[in-house]
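Structure file upload.cif (mmCIF, C-alpha atoms and all ligand atoms) is printed below.
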```cif
data_structure
loop_
_atom_site.label_atom_id
_atom_site.label_comp_id
_atom_site.auth_asym_id
_atom_site.auth_seq_id
_atom_site.Cartn_x
_atom_site.Cartn_y
_atom_site.Cartn_z
CA MET A 1312 44.25 13.01 48.17
CA THR A 1313 45.75 15.35 45.58
CA PRO A 1314 43.27 17.00 43.23
CA ILE A 1315 44.42 16.87 39.62
CA THR A 1316 41.94 18.62 37.40
CA THR A 1317 40.72 21.48 39.49
CA THR A 1318 39.87 24.63 37.63
CA THR A 1319 39.60 26.45 40.92
CA ALA A 1320 42.29 27.36 43.44
CA LEU A 1321 41.99 24.85 46.27
CA ASP A 1322 41.10 27.38 48.93
CA ARG A 1323 38.26 28.50 46.65
CA VAL A 1324 36.68 25.07 46.17
CA GLY A 1325 33.01 25.38 47.10
CA ALA A 1326 33.02 29.19 47.01
CA PRO A 1327 30.27 30.62 44.80
CA ALA A 1328 31.44 31.90 41.41
CA GLY A 1329 29.03 34.86 41.41
CA ALA A 1330 27.58 37.26 43.95
CA ASP A 1331 24.04 35.89 43.81
CA VAL A 1332 23.85 32.77 45.94
CA ALA A 1333 20.66 30.68 46.08
CA ALA A 1334 21.80 28.51 48.98
CA ARG A 1335 24.90 28.04 51.06
CA ALA A 1336 26.29 25.61 53.60
CA GLU A 1337 28.83 26.59 56.22
CA HIS A 1338 30.95 24.05 58.10
CA LEU A 1339 28.33 21.38 57.60
CA SER A 1340 28.93 18.05 59.33
CA LYS A 1341 26.71 15.02 59.77
CA ARG A 1342 27.51 12.06 61.96
CA TYR A 1343 25.39 8.96 62.41
CA GLY A 1344 25.52 6.70 65.43
CA ALA A 1345 27.72 7.10 68.50
CA GLY A 1346 30.90 5.81 70.09
CA GLU A 1347 32.87 3.30 68.05
CA ALA A 1348 29.99 2.88 65.58
CA VAL A 1349 29.97 6.55 64.60
CA VAL A 1350 29.93 7.25 60.85
CA THR A 1351 30.95 10.70 59.66
CA ALA A 1352 28.89 11.08 56.50
CA LEU A 1353 29.85 14.73 55.96
CA ASP A 1354 32.82 16.56 57.46
CA ASP A 1355 33.03 20.37 57.56
CA VAL A 1356 31.65 21.13 54.10
CA SER A 1357 31.21 24.76 53.09
CA VAL A 1358 29.75 25.56 49.69
CA GLY A 1359 27.81 28.31 47.92
CA LEU A 1360 25.37 27.49 45.13
CA ASP A 1361 24.95 30.17 42.50
CA ARG A 1362 21.47 31.26 41.55
CA GLY A 1363 20.40 30.41 37.99
CA ARG A 1364 23.06 27.70 37.64
CA PHE A 1365 23.05 23.93 37.33
CA THR A 1366 25.30 22.24 39.90
CA ALA A 1367 26.05 18.51 40.02
CA ILE A 1368 27.33 16.69 43.11
CA MET A 1369 29.51 13.66 42.43
CA GLY A 1370 31.73 11.28 44.37
CA PRO A 1371 32.24 7.59 45.07
CA SER A 1372 29.53 5.54 46.73
CA GLY A 1373 29.22 6.50 50.38
CA SER A 1374 31.08 9.81 49.94
CA GLY A 1375 28.17 11.83 51.34
CA LYS A 1376 26.36 13.09 48.23
CA SER A 1377 22.82 12.28 49.34
CA THR A 1378 23.59 13.46 52.86
CA LEU A 1379 24.73 16.85 51.54
CA LEU A 1380 21.69 17.16 49.26
CA HIS A 1381 19.30 16.24 52.08
CA LEU A 1382 20.88 18.76 54.44
CA LEU A 1383 20.84 21.53 51.82
CA ALA A 1384 17.17 20.77 51.11
CA GLY A 1385 16.13 20.74 54.76
CA LEU A 1386 15.14 17.05 54.60
CA ASP A 1387 17.57 16.22 57.38
CA ARG A 1388 19.39 18.15 60.09
CA PRO A 1389 23.17 18.49 60.42
CA THR A 1390 25.17 17.53 63.50
CA SER A 1391 26.83 20.94 63.20
CA GLY A 1392 27.04 23.80 60.74
CA THR A 1393 24.42 25.92 59.01
CA VAL A 1394 22.43 25.99 55.77
CA HIS A 1395 20.92 29.16 54.32
CA LEU A 1396 18.30 29.30 51.59
CA GLY A 1397 18.57 32.88 50.40
CA ASP A 1398 18.60 34.89 53.62
CA THR A 1399 16.82 32.23 55.68
CA GLU A 1400 18.89 30.04 57.96
CA ILE A 1401 16.94 26.83 57.50
CA THR A 1402 18.99 24.98 60.14
CA ALA A 1403 17.50 27.36 62.73
CA LEU A 1404 13.88 26.59 61.83
CA ARG A 1405 11.55 24.37 63.83
CA ASP A 1406 10.04 21.36 62.08
CA LYS A 1407 6.76 23.02 61.11
CA ALA A 1408 8.42 26.10 59.61
CA LEU A 1409 10.89 23.88 57.80
CA THR A 1410 8.07 21.81 56.29
CA THR A 1411 6.38 24.97 55.07
CA LEU A 1412 9.64 26.32 53.66
CA ARG A 1413 10.29 23.08 51.75
CA ARG A 1414 6.77 23.15 50.34
CA ASP A 1415 6.85 26.81 49.33
CA ARG A 1416 10.44 27.44 48.27
CA ILE A 1417 12.02 24.15 47.18
CA GLY A 1418 11.29 21.68 44.38
CA PHE A 1419 12.27 18.01 44.57
CA ILE A 1420 12.93 15.32 41.99
CA PHE A 1421 13.75 11.84 43.31
CA GLN A 1422 14.94 8.68 41.60
CA SER A 1423 11.54 7.09 42.23
CA PHE A 1424 9.06 9.47 40.68
CA ASN A 1425 6.73 9.68 43.70
CA LEU A 1426 3.62 10.45 41.66
CA LEU A 1427 0.12 9.83 42.99
CA PRO A 1428 -1.26 6.90 40.91
CA THR A 1429 -4.92 7.96 41.03
CA MET A 1430 -4.26 11.44 39.68
CA THR A 1431 -3.60 12.54 36.11
CA ALA A 1432 -0.30 14.08 35.06
CA ALA A 1433 -1.88 17.54 35.15
CA GLU A 1434 -3.25 16.99 38.66
CA ASN A 1435 0.10 15.66 39.90
CA ILE A 1436 1.93 18.69 38.51
CA VAL A 1437 -0.15 21.23 40.43
CA LEU A 1438 -0.84 19.13 43.54
CA PRO A 1439 1.86 20.68 45.81
CA MET A 1440 0.56 24.15 44.94
CA ARG A 1441 -3.03 23.13 45.64
CA ILE A 1442 -1.98 21.69 49.01
CA ALA A 1443 -0.24 24.98 49.76
CA GLY A 1444 -3.43 26.87 48.84
CA ARG A 1445 -1.72 28.65 45.96
CA ARG A 1446 -3.20 29.17 42.52
CA PRO A 1447 -0.97 27.83 39.76
CA ASP A 1448 -0.01 30.41 37.12
CA PRO A 1449 -1.54 28.80 33.99
CA HIS A 1450 0.95 30.43 31.60
CA TRP A 1451 3.92 29.30 33.64
CA VAL A 1452 2.59 25.74 34.02
CA ALA A 1453 1.83 25.62 30.28
CA SER A 1454 5.38 26.73 29.43
CA ILE A 1455 6.83 24.05 31.70
CA VAL A 1456 4.56 21.37 30.26
CA GLU A 1457 5.62 22.39 26.76
CA THR A 1458 9.32 22.51 27.67
CA VAL A 1459 9.12 19.08 29.24
CA GLY A 1460 7.26 17.71 26.20
CA LEU A 1461 4.14 16.53 28.01
CA THR A 1462 1.50 18.36 26.01
CA GLY A 1463 -1.03 15.71 24.98
CA ARG A 1464 -0.23 13.49 27.95
CA LEU A 1465 -1.71 15.64 30.68
CA GLY A 1466 -4.88 13.56 31.05
CA HIS A 1467 -2.93 10.31 31.54
CA ARG A 1468 -2.39 8.61 34.89
CA PRO A 1469 1.17 7.58 35.83
CA SER A 1470 0.48 3.91 34.95
CA GLN A 1471 -0.33 5.04 31.40
CA LEU A 1472 3.03 6.80 31.01
CA SER A 1473 6.55 5.49 30.43
CA GLY A 1474 9.19 5.87 33.15
CA GLY A 1475 10.75 8.78 31.27
CA GLN A 1476 7.38 10.51 30.94
CA GLN A 1477 6.62 9.94 34.62
CA GLN A 1478 9.94 11.51 35.59
CA ARG A 1479 9.16 14.47 33.35
CA VAL A 1480 5.84 14.88 35.18
CA ALA A 1481 7.82 14.84 38.44
CA ALA A 1482 10.20 17.46 37.01
CA ALA A 1483 7.30 19.66 35.88
CA ARG A 1484 5.77 19.30 39.37
CA ALA A 1485 9.08 20.39 40.93
CA LEU A 1486 9.15 23.54 38.79
CA ALA A 1487 5.45 24.42 38.81
CA SER A 1488 5.60 26.63 41.88
CA ARG A 1489 8.72 28.52 40.67
CA PRO A 1490 10.83 27.29 43.59
CA GLU A 1491 14.02 29.12 44.49
CA ILE A 1492 15.94 25.91 43.99
CA VAL A 1493 15.27 22.42 42.64
CA PHE A 1494 17.08 19.48 44.25
CA ALA A 1495 17.33 16.28 42.23
CA ASP A 1496 18.66 13.03 43.75
CA GLU A 1497 19.77 10.63 40.99
CA PRO A 1498 16.88 11.79 38.76
CA THR A 1499 18.01 9.62 35.84
CA GLY A 1500 18.83 6.56 37.99
CA ALA A 1501 15.71 4.63 36.95
CA LEU A 1502 15.62 5.78 33.32
CA ASP A 1503 17.02 4.38 30.08
CA SER A 1504 19.70 6.53 28.50
CA ARG A 1505 17.40 8.28 26.02
CA SER A 1506 14.80 9.19 28.66
CA GLY A 1507 17.65 10.24 30.95
CA SER A 1508 19.05 12.58 28.29
CA GLU A 1509 15.62 14.12 27.72
CA LEU A 1510 15.19 14.76 31.42
CA LEU A 1511 18.66 16.30 31.71
CA GLN A 1512 18.04 18.46 28.66
CA PHE A 1513 14.84 19.65 30.33
CA LEU A 1514 16.73 20.61 33.48
CA ARG A 1515 19.33 22.40 31.35
CA THR A 1516 16.58 24.33 29.53
CA ALA A 1517 14.92 25.18 32.84
CA VAL A 1518 18.19 26.78 33.94
CA ASP A 1519 18.98 28.54 30.63
CA ASP A 1520 15.52 29.71 29.61
CA LEU A 1521 13.57 29.91 32.86
CA GLY A 1522 16.40 31.02 35.17
CA GLN A 1523 15.91 28.02 37.47
CA THR A 1524 18.57 26.95 40.01
CA VAL A 1525 19.18 23.18 39.96
CA VAL A 1526 21.33 21.00 42.22
CA MET A 1527 21.62 17.33 41.27
CA VAL A 1528 23.30 14.29 42.78
CA THR A 1529 24.42 11.80 40.15
CA HIS A 1530 26.77 8.84 39.63
CA ASP A 1531 26.86 9.39 35.90
CA PRO A 1532 29.61 11.55 34.31
CA ALA A 1533 27.43 12.05 31.22
CA ALA A 1534 24.64 13.44 33.43
CA ALA A 1535 27.10 15.69 35.27
CA SER A 1536 28.25 17.14 31.94
CA TYR A 1537 24.87 18.91 31.62
CA ALA A 1538 25.77 20.98 34.70
CA ASP A 1539 27.68 24.26 34.84
CA ARG A 1540 29.71 23.07 37.79
CA VAL A 1541 30.50 19.74 39.42
CA LEU A 1542 31.33 19.45 43.12
CA PHE A 1543 33.35 16.36 44.07
CA LEU A 1544 32.97 14.69 47.45
CA ALA A 1545 35.24 12.01 48.91
CA ASP A 1546 34.92 10.53 52.41
CA GLY A 1547 32.54 13.29 53.47
CA HIS A 1548 34.86 16.09 52.33
CA LEU A 1549 34.38 18.52 49.46
CA VAL A 1550 37.66 17.84 47.65
CA ASP A 1551 37.37 19.60 44.31
CA GLU A 1552 35.14 21.17 41.70
CA MET A 1553 35.06 21.50 37.93
CA LEU A 1554 33.49 24.22 35.82
CA ALA A 1555 31.99 23.61 32.35
CA PRO A 1556 32.62 19.88 32.78
CA SER A 1557 32.88 17.39 29.94
CA ALA A 1558 31.80 13.77 30.54
CA ASP A 1559 35.37 12.56 29.80
CA ASP A 1560 36.98 14.96 32.27
CA VAL A 1561 34.47 14.00 34.96
CA LEU A 1562 35.04 10.29 34.28
CA ASP A 1563 38.82 10.76 34.53
CA TYR A 1564 38.48 12.62 37.80
CA MET A 1565 36.13 9.99 39.24
CA LYS A 1566 38.75 7.32 38.42
CA HIS A 1567 41.25 9.41 40.33
CA LEU A 1568 38.85 9.49 43.31
CA GLY A 1569 38.77 5.69 43.18
CA ASP A 1570 35.19 5.14 42.00
N1 LIG B 1601 20.83 6.86 58.34
C1 LIG B 1601 22.13 6.50 58.33
N2 LIG B 1601 22.66 5.83 59.38
C2 LIG B 1601 23.96 5.47 59.41
N3 LIG B 1601 24.82 5.76 58.43
C3 LIG B 1601 24.36 6.41 57.35
C4 LIG B 1601 22.99 6.82 57.24
N4 LIG B 1601 22.82 7.45 56.05
C5 LIG B 1601 24.03 7.45 55.45
N5 LIG B 1601 24.96 6.83 56.22
C6 LIG B 1601 26.38 6.65 55.91
O1 LIG B 1601 26.92 7.92 55.60
C7 LIG B 1601 27.83 7.81 54.51
C8 LIG B 1601 27.40 8.73 53.37
O2 LIG B 1601 26.16 8.25 52.85
P1 LIG B 1601 25.45 8.94 51.59
O3 LIG B 1601 24.20 8.17 51.33
O4 LIG B 1601 25.34 10.40 51.79
O5 LIG B 1601 26.51 8.67 50.43
P2 LIG B 1601 26.34 8.78 48.86
O6 LIG B 1601 27.58 9.41 48.34
O7 LIG B 1601 25.05 9.44 48.52
O8 LIG B 1601 26.31 7.24 48.48
P3 LIG B 1601 25.66 6.49 47.21
O9 LIG B 1601 26.33 7.02 46.01
O10 LIG B 1601 26.02 5.04 47.46
O11 LIG B 1601 24.19 6.73 47.24
C9 LIG B 1601 27.90 6.34 54.13
O12 LIG B 1601 28.99 5.76 54.79
C10 LIG B 1601 26.59 5.79 54.68
O13 LIG B 1601 26.72 4.43 54.99
#
```
Rewrite the structure of this file - the entire thing - as structure tokens.
Amino acid sequence: MTPITTTTALDRVGAPAGADVAARAEHLSKRYGAGEAVVTALDDVSVGLDRGRFTAIMGPSGSGKSTLLHLLAGLDRPTSGTVHLGDTEITALRDKALTTLRRDRIGFIFQSFNLLPTMTAAENIVLPMRIAGRRPDPHWVASIVETVGLTGRLGHRPSQLSGGQQQRVAAARALASRPEIVFADEPTGALDSRSGSELLQFLRTAVDDLGQTVVMVTHDPAAASYADRVLFLADGHLVDEMLAPSADDVLDYMKHLGD
């Protein structure tokens, strides 16, 4: 496949733009199954993710986006290769240490909001910190709640909130502990376009105003255009990247990838 719109020399695709890297993958591969049934979901991917930036991961269905996100976030283990979060090689950690690292240093936003139905929005937002035995910083949590536009809704349970509001609670929960990196897997997949835009604008603000690092898998070129950088996967390979992407440029490139 010949890349057409790269803004980056091919041998630099995946290399971090700056010196400060929040996470990095080196020669990451993931295979499922064995023998003739083996599926190579990810094949020798190396990438650095800049701190304080918003990175989107795109590619056709089955290209390995979720696999890469799950490996970077320590939710799954690679067949070969390494992942570092800051200076910590997470691929070298045992399960218990990995669970603790995910809880303490990573925030997650999933397509399904994964909120606890019996708890209020406020309780859901601080729950991971309470489980970790950490005291939430009230000023920080208040600034997130304000940024995400949930002031006045904090006493509501998830069933009393719209899908967009529930996802904003999930986003506030992901940021409440000031994680080193937030991973979002299709965060707008279950939202209407207006709620999706609000959520993406929140993530953008979290990066610009709060210095957060965000990595997001998406199918949607409009969603990817909120990012600083888009990584393109095809057949388990990192094939290209785009900086300061526009939705039209991303859409054109996705057509080229055969989506
Ligand atoms: N647990 C698994 N067992 C076997 N094969 C798997 C498993 N998980 C993923 N795969 C395969 O690995 C490849 C990459 O899957 P992955 O979910 O990472 O792709 P994706 O780009 O996120 O796809 P989509 O956009 O459809 O969600 C696909 O061929 C998929 O069928």
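Across the structure, atom CA of A:Gly1418 and atom CA of A:Val1541 are spaced 19.9 Å apart.
The environment of A:Arg1484 within 7 Å, counting only C-alpha atoms and disregarding residues fewer than 6 places along the same chain, consists of Asn1435, Ile1436 and Val1437 of chain A.
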With ligand LIG 1601 (chain B) as the partner and 6 Å as the cut-off, tabulate the residues of chain A that qualify, each row holding the nearest pair of atoms and their distance in Å to one decimal, using only C-alpha atoms and all ligand atoms, sorted by chain and rising number, as a Markdown table.
```
| residue | atom | partner | partner_atom | distance |
| --- | --- | --- | --- | --- |
| A:Tyr1343 | CA | B:LIG1601 | C2 | 4.8 |
| A:Val1350 | CA | B:LIG1601 | N3 | 5.8 |
| A:Ala1352 | CA | B:LIG1601 | O1 | 3.8 |
| A:Pro1371 | CA | B:LIG1601 | O6 | 6.0 |
| A:Ser1372 | CA | B:LIG1601 | O9 | 3.6 |
| A:Gly1373 | CA | B:LIG1601 | O5 | 3.5 |
| A:Ser1374 | CA | B:LIG1601 | O6 | 3.9 |
| A:Gly1375 | CA | B:LIG1601 | O4 | 3.2 |
| A:Lys1376 | CA | B:LIG1601 | O6 | 3.9 |
| A:Ser1377 | CA | B:LIG1601 | O7 | 3.7 |
| A:Thr1378 | CA | B:LIG1601 | O4 | 3.7 |
```
Next, dump the selected residues to file, keeping only C-alpha atoms, as a CSV table (one decimal), in the frame of the given file.
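Written output follows (selection-v9.csv):
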```
chain,number,residue,atom,x,y,z
A,1343,TYR,CA,25.4,9.0,62.4
A,1350,VAL,CA,29.9,7.2,60.8
A,1352,ALA,CA,28.9,11.1,56.5
A,1371,PRO,CA,32.2,7.6,45.1
A,1372,SER,CA,29.5,5.5,46.7
A,1373,GLY,CA,29.2,6.5,50.4
A,1374,SER,CA,31.1,9.8,49.9
A,1375,GLY,CA,28.2,11.8,51.3
A,1376,LYS,CA,26.4,13.1,48.2
A,1377,SER,CA,22.8,12.3,49.3
A,1378,THR,CA,23.6,13.5,52.9
```
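With distances restricted to only C-alpha atoms, A:Ala1336 is the closest residue to A:Val1394 from A:Ala1408, A:Ala1336, A:Val1528, A:Met1440.
Closest approach to A:Gln1422 among A:Arg1505, A:Arg1479, A:His1548, A:Arg1362 is made by A:Arg1479 (distances from all atoms listed in the file).
As for atom CA of A:Ser1557 and atom CA of A:Gly1507, they are spaced 16.9 Å apart.
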